[in-house]
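Asks: Encoded as structure tokens, here's the structure I'll be asking about.
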Amino acid sequence: MDLSLSTRTEGGRTIVEVGGEIDVYTAPKLREQLVELVNEGQFHLIVDMEAVDFLDSTGLGVLVGGLKRVRAHEGSLQLVCTQERILKIFRITGLTKVFPIHPSVAVAIASSD
Amino acid sequence: MDLSLSTRTEGGRTIVEVGGEIDVYTAPKLREQLVELVNEGQFHLIVDMEAVDFLDSTGLGVLVGGLKRVRAHEGSLQLVCTQERILKIFRITGLTKVFPIHPSVAVAIASSD
Amino acid sequence: MAIVELRFSALPEHVRTARLVAAAVARRAGVAETVLDEVRLAVGEACSRAVGMHQDRVDDDRPVTVTLDDGNGRFSIEVNDGVPQPALTEAALAEGAGLMPDLSTNGAGMDVIENEMGLAVILGLVDDLDVRTGAEGGVIRMSWPSGAKSAETVG
Amino acid sequence: MAIVELRFSALPEHVRTARLVAAAVARRAGVAETVLDEVRLAVGEACSRAVGMHQDRVDDDRPVTVTLDDGNGRFSIEVNDGVPQPALTEAALAEGAGLMPDLSTNGAGMDVIENEMGLAVILGLVDDLDVRTGAEGGVIRMSWPSGAKSAETVG
Ligand SMILES: Nc1ncnc2c1ncn2[C@@H]1O[C@H](COP(=O)(O)OP(=O)(O)O)[C@@H](O)[C@H]1O
Ligand SMILES: Nc1ncnc2c1ncn2[C@@H]1O[C@H](COP(=O)(O)OP(=O)(O)O)[C@@H](O)[C@H]1O
């Protein structure tokens with residue numbers, strides 16, 4: 001399955017909804033999307049991963065890259081994820097300590113960063 | 001997907017309902033089933049292929065083998081199939097002339113052979 | 001050139017894997033959705049036949065090789081059964097030697113039907129088809145239009 | 001022995017095909033459903049890494065090779081990146097040279113994280129793992145229990 005991307009703003013945050021497979025083939029598109037948002041001056045991002053079927057380290061790398069970019073502008077990058085098999089990959093790589101991970105977009109917006 | 005097989009009798013015929021993939025790997029199971037029925041003295045068979053996802057020439061070979069077996073006992077082997085992509089394979093190989101193919105089990109039972 | 005090659009021990013269980021791979025790579029190469037069923041069936045037939053060629057050769061552990069290539073605006077599949085065979089002569093090839101059983105004839109023995117139905121299906125499905133035998137094994141080569149994407153623009 | 005081997009040009013698009021094949025063959029080999037996600041992820045990581053090894057080598061058209069083997073009650077996957085590398089010394093291997101970045105350290109540079117996360121995922125997922133480099137290319141070998149079916153009973 002391919003990658004799908006859609007963005008919207010809500011509560012002062014930009015929400016990036018990602019669906020499908022984030023892997024070595026599709027991750028560049030997600031990277032482009034994040035770079036574009038930062039270039040447009042949107043520094044508070046929430047990446048909603050509830051519709052993601054597959055995530056690998058290339059996808060993690062893109063998320064880490066996005067985090068570095070928003071941080072350079074005092075911004076934030078939070079994740080929405082409840083899928084155990086996706087969470088597991090963040091846990092294995094220790095990235096649960098790097099990203100705030102929330103159970104829903106509403107919770108992510110409500111959270112102070 | 002694997003092969004699924006179930007049999008029942010109805011209107012003096014034995015109906016073999018086949019589902020899944022009939023190919024070089026699974027066709028032997030279908031062959032065993034047909035041989036078993038003939039050995040049990042059931043010579044009027046209807047093979048219902050409506051739940052078949054994939055059929056190749058090995059499957060066709062098993063059906064032809066079944067036909068030969070029932071004919072040796074003055075029996076019959078009719079097919080139920082409405083799926084265009086399955087029908088196409090019978091057409092390509094000229095087997096539409098060899099097998100009576102019906103749109104439903106009811107029609108197959110009603111047809112005089 | 002974007003090439004994918006699958007090699008497998010000549011066992012019926014792997015023919016499915018070959019179908020799966022061929023369909024996935026063909027889809028990615030831009031082969032039309034309506035043609036994918038044909039690709040799946042044709043590669044399955046070619047591989048079943050290849051596996052069958054090994055049937056009476058217990059000591060023969062040469063693999064079957066499926067090569068998928070989406071270069072030059074076409075998606076091509078080559079199946080090599082890995083069973084060395086005497087090469088067919090040009091003349092025999094021209095006559096389609098043994099390739100196309102006359103299944104439409106009423107009197108066609110059903111044994112013939114059973115043995116040659118695989119090639120009959122391939123011949124019925126595939127327009128661009130090439131069959132060769134030789135010391136390197138029997139090779140069936142088939143190809144389909146692969147749509148807009150060329151190998152250079154992919155990736 | 002039931003072996004399936006997949007070779008592909010070192011392009012990102014083929015990594016999906018490798019995941020697909022590995023999962024299909026693993027399922028058939030009797031690997032538990034709960035483990036299939038791990039297999040899919042691990043082979044994807046190994047292949048992504050292999051493709052990455054080719055990135056700065058334009059002239060290098062050696063393929064990546066994935067070998068799947070369900071012999072001996074285990075399902076094993078070997079990924080060879082096809083990029084000749086100096087062999088690691090035993091000592092370096094024992095120390096896990098460069099394999100396991102210390103991601104739990106707060107100070108770990110995120111560059112390191114990005115570069116080595118693939119191996120970190122594999123190390124986190126796979127119990128039976130072997131990494132080698134050499135003139136034949138870098139090889140990652142992984143295996144999982146393959147359940148009831150042995151190669152002999154299949155088919
Ligand atoms: N192009 C290929 N694709 C997949 N597997 C291959 C390929 N070439 C060789 N192999 C595998 O690698 C193994 C070693 O064969 P290989 O090194 O090619 O022998 P040779 O060098 O004599 O041709 C073989 O068992 C074969 O299955
Ligand atoms: N070679 C390919 N391999 C894998 N996925 C591809 C490939 N080409 C395109 N895609 C995926 O398909 C999506 C749409 O690609 P596109 O080229 O616009 O047409 P299509 O949807 O028909 O593939 C992309 O998001 C991409 O992820």
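Letters for chains follow the order of the structure tokens (A, B, ...), residue numbers begin at 1 for each chain, and ligand numbers begin at 1 in the order shown.
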With a distance threshold of 9 Å and counting only C-alpha atoms, extract the residues of chain B near chain C and express them as a PDB file with N, CA and C atoms, in the first residue's frame.
Replies:
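iface-v2.pdb written:
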```pdb
ATOM      1  N   ASP B  23      -4.315 -24.487  -7.568  1.00  0.00           N
ATOM      2  CA  ASP B  23      -3.103 -24.410  -8.381  1.00  0.00           C
ATOM      3  C   ASP B  23      -2.270 -25.671  -8.192  1.00  0.00           C
ATOM      4  N   VAL B  24      -1.053 -25.637  -8.675  1.00  0.00           N
ATOM      5  CA  VAL B  24      -0.195 -26.818  -8.659  1.00  0.00           C
ATOM      6  C   VAL B  24       0.041 -27.335  -7.231  1.00  0.00           C
ATOM      7  N   TYR B  25      -0.074 -26.414  -6.258  1.00  0.00           N
ATOM      8  CA  TYR B  25       0.159 -26.815  -4.870  1.00  0.00           C
ATOM      9  C   TYR B  25      -1.090 -27.415  -4.218  1.00  0.00           C
ATOM     10  N   THR B  26      -2.254 -26.857  -4.531  1.00  0.00           N
ATOM     11  CA  THR B  26      -3.477 -27.289  -3.851  1.00  0.00           C
ATOM     12  C   THR B  26      -4.310 -28.287  -4.662  1.00  0.00           C
ATOM     13  N   PHE B  54      -8.582 -18.278  -7.682  1.00  0.00           N
ATOM     14  CA  PHE B  54      -7.537 -18.488  -8.680  1.00  0.00           C
ATOM     15  C   PHE B  54      -7.632 -19.917  -9.176  1.00  0.00           C
ATOM     16  N   LEU B  55      -7.540 -20.084 -10.496  1.00  0.00           N
ATOM     17  CA  LEU B  55      -7.567 -21.419 -11.087  1.00  0.00           C
ATOM     18  C   LEU B  55      -6.515 -21.470 -12.173  1.00  0.00           C
ATOM     19  N   ASP B  56      -5.693 -22.503 -12.195  1.00  0.00           N
ATOM     20  CA  ASP B  56      -4.744 -22.637 -13.301  1.00  0.00           C
ATOM     21  C   ASP B  56      -4.921 -23.976 -13.977  1.00  0.00           C
ATOM     22  N   SER B  57      -4.028 -24.293 -14.895  1.00  0.00           N
ATOM     23  CA  SER B  57      -4.203 -25.489 -15.719  1.00  0.00           C
ATOM     24  C   SER B  57      -4.113 -26.773 -14.892  1.00  0.00           C
ATOM     25  N   THR B  58      -3.384 -26.713 -13.781  1.00  0.00           N
ATOM     26  CA  THR B  58      -3.326 -27.905 -12.932  1.00  0.00           C
ATOM     27  C   THR B  58      -4.723 -28.207 -12.393  1.00  0.00           C
ATOM     28  N   LEU B  60      -7.521 -27.317 -13.869  1.00  0.00           N
ATOM     29  CA  LEU B  60      -8.284 -27.812 -15.020  1.00  0.00           C
ATOM     30  C   LEU B  60      -8.017 -29.296 -15.215  1.00  0.00           C
ATOM     31  N   GLY B  61      -6.744 -29.667 -15.089  1.00  0.00           N
ATOM     32  CA  GLY B  61      -6.369 -31.072 -15.259  1.00  0.00           C
ATOM     33  C   GLY B  61      -7.090 -31.971 -14.268  1.00  0.00           C
ATOM     34  N   VAL B  62      -7.223 -31.499 -13.033  1.00  0.00           N
ATOM     35  CA  VAL B  62      -7.910 -32.286 -12.008  1.00  0.00           C
ATOM     36  C   VAL B  62      -9.398 -32.420 -12.353  1.00  0.00           C
ATOM     37  N   VAL B  64     -10.669 -32.321 -15.383  1.00  0.00           N
ATOM     38  CA  VAL B  64     -10.752 -33.255 -16.524  1.00  0.00           C
ATOM     39  C   VAL B  64     -10.600 -34.691 -16.024  1.00  0.00           C
ATOM     40  N   GLY B  65      -9.662 -34.883 -15.099  1.00  0.00           N
ATOM     41  CA  GLY B  65      -9.480 -36.217 -14.515  1.00  0.00           C
ATOM     42  C   GLY B  65     -10.753 -36.698 -13.815  1.00  0.00           C
ATOM     43  N   LYS B  68     -13.295 -37.784 -16.383  1.00  0.00           N
ATOM     44  CA  LYS B  68     -13.002 -39.117 -16.923  1.00  0.00           C
ATOM     45  C   LYS B  68     -13.465 -40.205 -15.944  1.00  0.00           C
ATOM     46  N   ARG B  85     -13.191 -14.096 -15.006  1.00  0.00           N
ATOM     47  CA  ARG B  85     -11.772 -14.433 -15.136  1.00  0.00           C
ATOM     48  C   ARG B  85     -11.507 -15.934 -15.008  1.00  0.00           C
ATOM     49  N   ILE B  89     -10.482 -18.912 -18.556  1.00  0.00           N
ATOM     50  CA  ILE B  89      -9.496 -19.995 -18.613  1.00  0.00           C
ATOM     51  C   ILE B  89     -10.083 -21.250 -19.257  1.00  0.00           C
ATOM     52  N   ILE B  92     -10.206 -20.309 -23.043  1.00  0.00           N
ATOM     53  CA  ILE B  92      -8.884 -20.372 -23.685  1.00  0.00           C
ATOM     54  C   ILE B  92      -8.489 -21.796 -24.025  1.00  0.00           C
ATOM     55  N   THR B  93      -8.820 -22.713 -23.135  1.00  0.00           N
ATOM     56  CA  THR B  93      -8.364 -24.098 -23.304  1.00  0.00           C
ATOM     57  C   THR B  93      -9.402 -24.965 -24.023  1.00  0.00           C
ATOM     58  N   GLY B  94     -10.483 -24.347 -24.458  1.00  0.00           N
ATOM     59  CA  GLY B  94     -11.497 -25.110 -25.183  1.00  0.00           C
ATOM     60  C   GLY B  94     -12.346 -26.004 -24.297  1.00  0.00           C
ATOM     61  N   LEU B  95     -12.204 -25.871 -22.977  1.00  0.00           N
ATOM     62  CA  LEU B  95     -12.902 -26.790 -22.067  1.00  0.00           C
ATOM     63  C   LEU B  95     -14.368 -26.413 -21.842  1.00  0.00           C
ATOM     64  N   LYS B  97     -16.301 -26.624 -24.059  1.00  0.00           N
ATOM     65  CA  LYS B  97     -16.974 -27.648 -24.875  1.00  0.00           C
ATOM     66  C   LYS B  97     -17.012 -28.990 -24.164  1.00  0.00           C
ATOM     67  N   VAL B  98     -16.216 -29.112 -23.138  1.00  0.00           N
ATOM     68  CA  VAL B  98     -16.092 -30.397 -22.445  1.00  0.00           C
ATOM     69  C   VAL B  98     -16.965 -30.444 -21.189  1.00  0.00           C
TER      70      VAL B  98
END
```
Asks: Using only C-alpha atoms, which protein or nucleic acid residues come within 10 Å of Asp60 in chain D? Drop anything in the same chain fewer than 6 positions from it, and give the result as a PyMOL selection string.
Replies: chain D and resi 9-10+54+82-83
Asks: I'd like the neighbourhood of range 47-51 of chain B as a ChimeraX atom specification, where a residue qualifies if any of its atoms comes within 9 Å (using only C-alpha atoms), though same-chain residues fewer than 3 positions away should be ignored.
Replies: /B:14-20,63,77-83,86,104-105
Asks: Please identify every residue of chain C that has at least one atom no more than 7 Å from any atom of chain D, counting only C-alpha atoms, and report them as a CSV table (one decimal) with all heavy atoms, in the first residue's frame.
Replies:
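What ended up in result33.csv:
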```csv
chain,number,residue,atom,x,y,z
C,2,ALA,N,15.9,-2.0,-13.8
C,2,ALA,CA,15.3,-2.5,-12.6
C,2,ALA,C,15.0,-3.9,-12.8
C,2,ALA,O,14.0,-4.3,-13.4
C,2,ALA,CB,14.1,-1.7,-12.2
C,3,ILE,N,15.8,-4.8,-12.2
C,3,ILE,CA,15.5,-6.2,-12.4
C,3,ILE,C,15.3,-6.9,-11.0
C,3,ILE,O,15.9,-6.6,-10.1
C,3,ILE,CB,16.7,-6.9,-13.1
C,3,ILE,CG1,16.8,-6.4,-14.5
C,3,ILE,CG2,16.7,-8.4,-13.0
C,3,ILE,CD1,17.8,-7.1,-15.4
C,4,VAL,N,14.3,-7.8,-11.0
C,4,VAL,CA,14.1,-8.6,-9.8
C,4,VAL,C,14.2,-10.0,-10.3
C,4,VAL,O,13.6,-10.4,-11.3
C,4,VAL,CB,12.7,-8.3,-9.2
C,4,VAL,CG1,12.5,-9.3,-8.0
C,4,VAL,CG2,12.6,-6.9,-8.7
C,5,GLU,N,14.9,-10.8,-9.5
C,5,GLU,CA,15.1,-12.2,-9.9
C,5,GLU,C,14.7,-13.1,-8.7
C,5,GLU,O,15.1,-12.9,-7.6
C,5,GLU,CB,16.5,-12.5,-10.3
C,5,GLU,CG,16.7,-13.8,-11.0
C,5,GLU,CD,18.1,-13.9,-11.6
C,5,GLU,OE1,18.3,-13.5,-12.7
C,5,GLU,OE2,19.0,-14.4,-10.9
C,6,LEU,N,13.9,-14.1,-9.0
C,6,LEU,CA,13.5,-15.0,-7.9
C,6,LEU,C,13.9,-16.4,-8.3
C,6,LEU,O,13.7,-16.9,-9.4
C,6,LEU,CB,11.9,-15.0,-7.8
C,6,LEU,CG,11.3,-15.9,-6.7
C,6,LEU,CD1,11.5,-15.3,-5.4
C,6,LEU,CD2,9.8,-16.1,-7.0
C,7,ARG,N,14.6,-17.1,-7.4
C,7,ARG,CA,15.0,-18.5,-7.6
C,7,ARG,C,14.4,-19.3,-6.5
C,7,ARG,O,14.5,-19.0,-5.3
C,7,ARG,CB,16.5,-18.6,-7.5
C,7,ARG,CG,17.3,-18.0,-8.6
C,7,ARG,CD,18.7,-18.6,-8.6
C,7,ARG,NE,19.3,-18.1,-9.9
C,7,ARG,CZ,20.3,-18.7,-10.5
C,7,ARG,NH1,20.9,-19.7,-9.9
C,7,ARG,NH2,20.8,-18.2,-11.6
C,8,PHE,N,13.9,-20.5,-6.9
C,8,PHE,CA,13.3,-21.3,-5.9
C,8,PHE,C,13.5,-22.8,-6.2
C,8,PHE,O,13.6,-23.2,-7.4
C,8,PHE,CB,11.8,-21.0,-5.6
C,8,PHE,CG,11.0,-21.1,-6.9
C,8,PHE,CD1,10.4,-22.3,-7.3
C,8,PHE,CD2,10.7,-20.0,-7.6
C,8,PHE,CE1,9.6,-22.3,-8.4
C,8,PHE,CE2,9.9,-20.0,-8.8
C,8,PHE,CZ,9.3,-21.2,-9.1
C,9,SER,N,13.6,-23.6,-5.2
C,9,SER,CA,13.7,-25.1,-5.3
C,9,SER,C,12.4,-25.5,-6.1
C,9,SER,O,11.3,-24.9,-5.8
C,9,SER,CB,13.7,-25.8,-4.0
C,9,SER,OG,14.4,-25.0,-3.0
C,12,PRO,N,6.1,-27.3,-5.7
C,12,PRO,CA,4.8,-26.6,-6.0
C,12,PRO,C,4.5,-25.4,-5.1
C,12,PRO,O,3.9,-24.4,-5.5
C,12,PRO,CB,3.8,-27.7,-5.8
C,12,PRO,CG,4.5,-29.0,-6.1
C,12,PRO,CD,5.9,-28.7,-5.6
C,13,GLU,N,4.9,-25.5,-3.8
C,13,GLU,CA,4.5,-24.5,-2.9
C,13,GLU,C,5.1,-23.1,-3.2
C,13,GLU,O,4.6,-22.1,-2.8
C,13,GLU,CB,5.0,-24.8,-1.5
C,13,GLU,CG,6.5,-25.0,-1.4
C,13,GLU,CD,7.0,-25.6,-0.1
C,13,GLU,OE1,7.1,-24.9,0.9
C,13,GLU,OE2,7.3,-26.8,-0.1
C,17,THR,N,4.5,-18.1,-4.6
C,17,THR,CA,5.4,-17.0,-4.3
C,17,THR,C,5.8,-16.3,-5.6
C,17,THR,O,5.8,-15.0,-5.6
C,17,THR,CB,6.7,-17.5,-3.6
C,17,THR,OG1,6.3,-18.2,-2.4
C,17,THR,CG2,7.6,-16.4,-3.2
C,21,VAL,N,5.1,-12.3,-6.4
C,21,VAL,CA,6.2,-11.4,-6.7
C,21,VAL,C,5.9,-10.8,-8.1
C,21,VAL,O,6.1,-9.6,-8.3
C,21,VAL,CB,7.5,-12.1,-6.7
C,21,VAL,CG1,8.6,-11.2,-7.2
C,21,VAL,CG2,7.9,-12.6,-5.3
C,24,ALA,N,3.2,-8.2,-7.9
C,24,ALA,CA,3.6,-7.0,-7.2
C,24,ALA,C,4.6,-6.2,-8.0
C,24,ALA,O,4.4,-4.9,-8.1
C,24,ALA,CB,4.3,-7.4,-5.8
C,155,GLY,N,11.8,5.1,-9.1
C,155,GLY,CA,12.8,5.3,-8.0
C,155,GLY,C,13.1,6.7,-7.8
C,155,GLY,O,14.1,7.1,-7.2
```
Asks: Taking only C-alpha atoms and all ligand atoms into account, name the residue in D:Met53, D:Asp128, D:Ser146, D:Arg62 that is nearest to ligand 1.
Replies: D:Arg62
Asks: Using Å and a single decimal, report how far CA of Arg74 in chain D sits from CA of Ala23 in chain C.
Replies: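 CA of Arg74 in chain D lies at a distance of 27.7 Å from CA of Ala23 in chain C.
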Asks: In Å, rounded to a single decimal, give me how far CA of Ile77 in chain D is from CA of Ala46 in chain D.
Replies: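 Computed distance, CA of Ala46 in chain D to CA of Ile77 in chain D, equals 9.8 Å.
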Asks: I'd like to know which of D:Asn80, D:Gln85, D:Thr133, D:Ser143 is closest to ligand 1, using only C-alpha atoms and all ligand atoms.
Replies: D:Asn80
Asks: Between CA of Leu87 in chain B and CA of Val107 in chain B, what is the spacing in Å?
Replies: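 Interatomic distance, CA of Val107 in chain B to CA of Leu87 in chain B: 16.9 Å.
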